[in-house]
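Comments concern the structure below.
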Amino acid sequence: MKETIKKLIPESLIARLRGLEADMKLHHETAHQMRRFRRNYARRGSMRQEHLETRIIFFTHQIEKGLSHTDFRYGFGKGVLAQMAPLMAALRAVDSDIAHNDVYQTAISSLHEYRVRHEAAHVDLTYMRDLFDAATWNAIAATENTTGGAMVIRSSDKRHNDSLTFTQLMEKRHSVREFADESVSASEITKAVDIAMRTPSVCNRQPTRVHIITNPQLIRHAMPLQGGFRGYPMPPALVLITADNQAFMNQDERNEGYTDGGLFGMSLLLALEEQGLAACPLNTMLPMKRDEATRKLLGVPDSEFLVMYIAVGHFRDEVMTCKSQRFAADSIVTVHA
Ligand SMILES: Cc1cc2nc3c(=O)[nH]c(=O)nc-3n(C[C@H](O)[C@H](O)[C@H](O)COP(=O)(O)O)c2cc1C
């Protein structure tokens with residue numbers, strides 16, 4: 001019976017009805033997703049341990065970026081320190097085993113480097129000292145933890161990148177935000193894109209699109225809209241990874257472009273590293289106005305979502321970057337046996 005009715009209804013009507021149903025689901029499920037996000041993201045002012053840790057990692061990263069600037073600015077990050085100090089006190093209050101809290105100890109370690117570098121230059125640190133209680137201030141001085149702060153990257157260490165094992169390449173890749181003056185051609189980047197094409201994607205539908213920007217004027221306009229690269233000289237090249245939503249077939253796949261584009265992004269980062277090119281992924285989770293301005297500037301088609309930028313250049317002889325300490329693998333693994 002059902003089959004007979006189905007045969008009588010024209011395909012165009014079925015498609016229309018299915019489309020209406022999918023639109024309603026898209027609306028309902030996007031709202032459901034939004035509510036889950038809203039319940040859980042690390043809002044300012046939250047005292048949940050995970051939220052405090054997220055915010056401390058964010059500010060530790062700001063300190064590490066300041067510490068790794070070639071053009072080191074003494075006294076940088078006063079606002080960051082002012083936000084970090086109460087968060088660290090709050091984390092101590094909720095975590096009874098703070099001595100083994102890696103997020104906290106890495107923050108202390110990066111503050112140690114901040115303190116030592118300033119003290120070595122005889123910079124008055126009263127502004128910092130006033131933010132922390134005596135015990136924390138002393139812990140910042142005394143820590144032997146070296147997981148936080150800045151590290152040096154040398155171009156001479158990159159010469160044999162094409163013969164490294166996967167593990168070595170993963171270990172050695174770091175985000176680099178300051179590049180040699182030398183330009184980077186689109187064809188150098190395309191070589192790495194070629195390698196990244198082996199990245200898997202849903203049903204092999206390959207939604208990722210790659211925009212390579214080498215025009216300095218476009219880069220100069222795009223970077224302030226991105227917003228996370230302030231204080232650095234412009235990179236010689238910028239790659240914009242997008243996902244073309246024309247590759248998707250129903251509302252369940254509304255976020256798939258970010259997954260597939262993200263996988264592609266990591267492949268591309270490793271391929272660039274293998275080719276001896278320096279790179280830094282940069283987020284494109286932009287507020288609507290900056291998203292629209294970026295689309296207009298770069299002529300991104302309406303069908304594409306922005307996934308991420310990657311700044312690309314040649315390595316300087318020596319440059320500093322953030323250590324960006326990682327969680328231990330077992331701290332993120334849940335085994336469902
Ligand atoms: C999606 C994504 C967005 C990022 N956005 C920025 C950014 O806006 N500015 C920045 O300086 N670094 C950015 N980064 C780089 C991260 O800070 C860096 O990957 C992280 O600290 C880990 O360090 P590593 O890449 O050196 O291993 C981003 C990284 C990713 C993966």
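As shown in the structure tokens, the chain order sets the letters A, B, ...; within each chain, residues go from 1, and ligands are also counted from 1 in the order they appear.
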Selection within 7 Å of ligand 1 by only C-alpha atoms and all ligand atoms, output as number ranges by chain: A: 61, 173-177, 226-229, 280-283, 308, 322-324
Find the residues near segment 4-18 of chain A: any atom within 12 Å, counting only C-alpha atoms, skip ones fewer than 3 places away on the same chain, and give them as an MDAnalysis selection string. chainID A and resid 1 21:25 249:251
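Here atom CA of Ser187 of chain A and atom CA of Val152 of chain A stand 28.3 Å from one another.
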What are the DSSP strand (DSSP E) residues of segment 93-323 of chain A, as a ChimeraX atom specification? /A:150-154,208-213,237-244,277-283,304-314,318-322
Can you tell me, as a PyMOL selection string, what residues are no more than 9 Å from Ala42 of chain A when counting only C-alpha atoms, ignoring any on the same chain fewer than 6 positions away? chain A and resi 48+50-55
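Across the structure, atom CA of Thr146 of chain A and atom CA of Thr106 of chain A are spaced 7.5 Å apart.
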Neighbouring residues of segment 315-321 of chain A were defined as those with any atom within 10 Å, considering only C-alpha atoms; residues of the same chain fewer than 5 positions away were excluded. Please report them as a ChimeraX atom specification. /A:64-70,149-158,174-182,276-279
Nearest to Leu298 of chain A among A:Ala222, A:Ala237, A:His32, A:Tyr127, with distances taken over only C-alpha atoms: which residue is it? A:Ala222
Which residues are near Gln246 of chain A? Cut-off 10 Å, only C-alpha atoms, ignore same chain within fewer than 5 positions. Put them as a ChimeraX atom specification. /A:205,207,303-304
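Candidate residues A:Ser183, A:Ser331, A:Gln325, A:Gln275 were compared for distance to Asp162 of chain A, and the nearest is A:Gln275, using only C-alpha atoms.
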Would you pick out the contacts of Phe59 of chain A at 8 Å or less, using only C-alpha atoms, so that residues sharing its chain but fewer than 2 positions from it are not included, and give the list as a ChimeraX atom specification? /A:55-57,61-63,80-81,83-84
When DSSP is applied to the backbone of this structure, which of segment 19-110 of chain A are assigned alpha helix (DSSP H)? Write them out as JSON, numbers by chain. {"A": [19, 20, 21, 22, 23, 24, 25, 26, 27, 28, 29, 30, 31, 32, 33, 34, 35, 36, 37, 38, 39, 40, 49, 50, 51, 52, 53, 54, 55, 56, 57, 58, 59, 60, 61, 62, 63, 64, 65, 66, 67, 68, 78, 79, 80, 81, 82, 83, 84, 85, 86, 87, 88, 89, 90, 91, 92, 93, 94, 102, 103, 104, 105, 106, 107, 108, 109, 110]}
Would you pick out the contacts of segment 90-98 of chain A at 9 Å or less, using only C-alpha atoms, so that residues sharing its chain but fewer than 4 positions from it are not included, and give the list as a list in words?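 Once the nearby chain positions are removed, what remains is Met47, Arg48, Gln49, Leu52, Glu53, Ala85, Pro86, Asp102, Tyr104 and Gln105 of chain A.
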With C-alpha atoms retained, could you export that selection as an mmCIF file, in the first residue's frame?
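So out.cif came out as:
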```cif
data_model
loop_
_atom_site.group_PDB
_atom_site.id
_atom_site.type_symbol
_atom_site.label_atom_id
_atom_site.label_comp_id
_atom_site.auth_asym_id
_atom_site.auth_seq_id
_atom_site.Cartn_x
_atom_site.Cartn_y
_atom_site.Cartn_z
ATOM 1 C CA MET A 47 34.024 28.900 39.010
ATOM 2 C CA ARG A 48 33.769 25.435 37.403
ATOM 3 C CA GLN A 49 37.262 23.886 37.477
ATOM 4 C CA LEU A 52 38.958 28.143 35.214
ATOM 5 C CA GLU A 53 41.540 25.902 33.538
ATOM 6 C CA ALA A 85 45.852 36.203 39.170
ATOM 7 C CA PRO A 86 42.251 35.813 40.451
ATOM 8 C CA ASP A 102 49.422 20.696 35.098
ATOM 9 C CA TYR A 104 48.237 25.616 37.009
ATOM 10 C CA GLN A 105 51.886 24.566 37.119
#
```
